[in-house]
Structures are given as C-alpha cells and as structure tokens.
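Student: Quick one: this structure, given as structure tokens, is what I'll be asking you about.
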Amino acid sequence: MNLPNKLTVVRLIIIPFFLILMVVPFSWGSVTFWGATIPVAQLIAAILFIAATITDNLDGRIARKHHLVTNFGKFTDPLADKLLVMTAFIVLTGSQVVPAWVTTIIIWRELSVTGLRLLLVEQDGTVLAAKMPGKIKTTTQFIAIIFLLLNNVIFAIWNIPFGQIMLYICLFFTVYSGIDYFVQGRGVFSDGFK
C-alpha cells in the first residue's frame with residue numbers, strides 16, 4: 001500500500017462522511033461569510049470534498065513521478081473519483097440545487113465511458129487515456145460542486161450564480177468529452193455492425 005494508494009483509500013473513506021453530513025439534518029446552525037450563509041454541516045462537507053479533490057490531484061502525480069503505478073491504483077483511483085462526483089451530484093439534486101436531468105446526464109456519461117474503457121482493455125489492451133476535454137470536465141465538475149456546496153461564496157456578494165454557471169460549463173464538457181471518447185473508441189463496436 002504505497003502513498004498514492006493510501007491517498008485514494010482516504011478519498012474513498014471521505015465519501016460516506018461527506019454523504020452523512022449532507023443528508024442527516026444536523027442542527028449545528030450556520031455561518032455567514034463572503035456573502036454566503038452556509039449550514040455548518042454543509043461547510044464541513046465542502047471542506048471534506050475539497051480535501052478529497054486535493055488527494056485526487058496528489059495521488060496521480062506522486063504515482064507517475066515515483067513510478068508507483070499499481071493495478072490497485074488504476075482500478076480504485078477512477079472509481080473513487082466517480083463515486084465522489086456522483087455522490088455529490090445526487091446529494092445536490094436531492095437538495096434541489098442541481099436539476100435531476102443534469103445529474104442523470106453526468107452519471108450516464110461517467111458509466112458509459114467507464115464501460116467503453118473496459119471494452120477497449122478487454123478487446124486489445126487499449127487504455128483510453130484522458131484527453132484535455134476530459135480533464136476540463138473533471139476540473140469544472142469539482143469547481144461547480146465546491147461553489148454549489150458553499151452557496152456561491154465570494155460571488156454571492158455580487159449575486160453571481162457562479163456555481164450554477166460552472167455546472168452548465170461542466171455539463172457541456174461532460175457531453176463533449178463523452179462524445180470524444182466514443183469517437184476515439186468506436187472501433188470496439190465494429191463487430192455489432194457486420
């Protein structure tokens with residue numbers, strides 16, 4: 001269990017705590033700063049989410065830099081990312097912050113691309129590497145979720161719905177990068193059209 005794998009496991013452990021903080025009606029009050037009023041439990045959940053995104057960035061960099069890439073890491077790192085993002089979007093949909101149709105598209109894309117990657121690996125060992133649209137998708141998802149959890153902190157001073165703006169930017173890149181992956185991997189389906 002090397003350091004990158006430990007960071008990935010930490011991210012997996014954070015997810016249920018994040019979920020509990022978001023769905024259990026704790027009566028811890030709220031705090032107001034930089035134009036936003038945020039329930040304390042939601043603020044703690046946001047801090048946990050930010051910590052999880054930091055571990056996502058760190059584990060990959062450390063694994064590549066120090067040649068610590070393992071099969072465990074290849075499996076759990078993307079799984080942890082998807083579980084974290086999908087959990088956050090489902091919770092935000094339940095809180096009526098994110099429309100259900102947006103969450104549905106995001107989850108559909110994540111599961112579809114994961115299935116495509118599995119097919120490509122099984123077919124000929126091809127690993128579909130993340131390209132720039134996919135990286136932008138991930139970054140904008142994280143930013144959108146953080147600002148939605150923090151009730152548009154800072155931007156709330158000027159009544160700018162920054163989290164919602166980022167949500168639709170991330171939705172665009174979610175769809176665009178999903179199409180891009182399927183265009184790249186379309187050969188895997190050729191046997192179905194003979």
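By order of appearance in the structure tokens: chains A, B, ..., then residues from 1 within every chain, and ligands from 1 in the order shown.
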Which residues of region 73-183 of chain A come within 12 Å of region 18-40 of chain A, and for each one, what is the closest pair of atoms and their distance in Å to one decimal, counting only C-alpha atoms, sorted by chain and residue number, as a tab-separated table?

Tutor:
residue	atom	partner	partner_atom	distance
A:Leu83	CA	A:Leu19	CA	11.0
A:Leu84	CA	A:Phe18	CA	9.0
A:Val85	CA	A:Phe18	CA	11.2
A:Met86	CA	A:Leu19	CA	11.0
A:Thr87	CA	A:Leu19	CA	7.2
A:Ala88	CA	A:Leu19	CA	7.8
A:Phe89	CA	A:Leu19	CA	10.8
A:Ile90	CA	A:Leu19	CA	9.8
A:Val91	CA	A:Met22	CA	7.0
A:Leu92	CA	A:Met22	CA	8.7
A:Thr93	CA	A:Met22	CA	11.5
A:Gly94	CA	A:Val23	CA	8.8
A:Ser95	CA	A:Val23	CA	8.7
A:Phe147	CA	A:Ala36	CA	10.4
A:Leu148	CA	A:Ile38	CA	10.4
A:Leu149	CA	A:Ile38	CA	8.2
A:Leu150	CA	A:Ile38	CA	6.4
A:Asn151	CA	A:Ala36	CA	5.9
A:Asn152	CA	A:Ala36	CA	6.6
A:Val153	CA	A:Ala36	CA	5.0
A:Ile154	CA	A:Trp34	CA	4.8
A:Phe155	CA	A:Gly35	CA	7.4
A:Ala156	CA	A:Gly35	CA	5.0
A:Ile157	CA	A:Gly35	CA	4.5
A:Trp158	CA	A:Gly35	CA	8.2
A:Asn159	CA	A:Gly35	CA	8.6
A:Ile160	CA	A:Gly35	CA	10.6
A:Pro161	CA	A:Ala36	CA	11.3

Student: Run DSSP on the backbone and tell me which residues of region 54-181 of chain A come out as helix (DSSP H, G or I); list them as an MDAnalysis selection string.

Tutor: chainID A and resid 54:65 71:94 100:124 132:149 155:158 162:181

Student: Mind running region 56-107 of chain A against region 168-178 of chain A at 8 Å and telling me each contacting residue's nearest atom pair with the distance in Å (one decimal), counting only C-alpha atoms, chain and number ascending, as CSV?

Tutor:
residue,atom,partner,partner_atom,distance
A:Val102,CA,A:Leu171,CA,7.1
A:Ile105,CA,A:Val175,CA,7.8
A:Ile106,CA,A:Thr174,CA,6.5

Student: Which of chain A counts as strand (DSSP E or B) under DSSP, as a ChimeraX atom specification please?

Tutor: /A:30-33,36-39

Student: For a quick check of understanding, using only C-alpha atoms, which of A:Phe72, A:Leu3, A:Ala80, A:Leu111 has the smallest distance to Pro16 (chain A)?

Tutor: A:Ala80

Student: Quick one: residues within 10 Å of Val10 (chain A), only C-alpha atoms, excluding same-chain residues fewer than 4 positions away - as a short mmCIF file (atom, residue, chain, number, x, y, z; two decimals) with N, CA and C atoms, in the first residue's frame?

Tutor:
data_model
loop_
_atom_site.label_atom_id
_atom_site.label_comp_id
_atom_site.auth_asym_id
_atom_site.auth_seq_id
_atom_site.Cartn_x
_atom_site.Cartn_y
_atom_site.Cartn_z
N PRO A 4 0.37 6.88 -2.95
CA PRO A 4 -0.77 7.22 -3.81
C PRO A 4 -2.01 6.36 -3.53
N ASN A 5 -1.80 5.07 -3.28
CA ASN A 5 -2.94 4.20 -2.99
C ASN A 5 -3.58 4.56 -1.65
N LYS A 6 -2.76 4.95 -0.68
CA LYS A 6 -3.31 5.38 0.62
C LYS A 6 -4.17 6.63 0.45
N ILE A 14 -13.60 9.27 2.77
CA ILE A 14 -14.24 10.58 2.91
C ILE A 14 -15.69 10.56 2.42
N ILE A 15 -15.96 9.78 1.37
CA ILE A 15 -17.27 9.81 0.70
C ILE A 15 -18.44 9.56 1.66
N ALA A 51 -10.82 18.50 0.33
CA ALA A 51 -9.70 17.62 0.71
C ALA A 51 -9.62 16.42 -0.22
N ALA A 52 -10.78 15.86 -0.57
CA ALA A 52 -10.81 14.70 -1.48
C ALA A 52 -10.30 15.07 -2.86
N THR A 55 -6.55 15.20 -2.76
CA THR A 55 -5.93 13.87 -2.80
C THR A 55 -5.99 13.29 -4.21
N ASP A 56 -7.05 13.63 -4.97
CA ASP A 56 -7.17 13.16 -6.35
C ASP A 56 -6.02 13.70 -7.19
N ALA A 80 -12.87 5.97 -7.24
CA ALA A 80 -13.05 6.94 -6.16
C ALA A 80 -13.51 8.28 -6.72
#

Student: Provide the CA of Leu43 (chain A) to CA of Thr140 (chain A) distance in Å, to one decimal place.

Tutor: 19.7 Å

Student: Tell me which of A:Val69, A:Ile107, A:Ile145, A:Val121 sits closest to Gly163 (chain A), counting only C-alpha atoms.

Tutor: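 Of all the options, A:Ile145 lies closest to Gly163 (chain A).
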
Student: Could you tell me how far CA of Leu58 (chain A) sits from CA of Ile136 (chain A), in Å to one decimal place?

Tutor: 17.0 Å
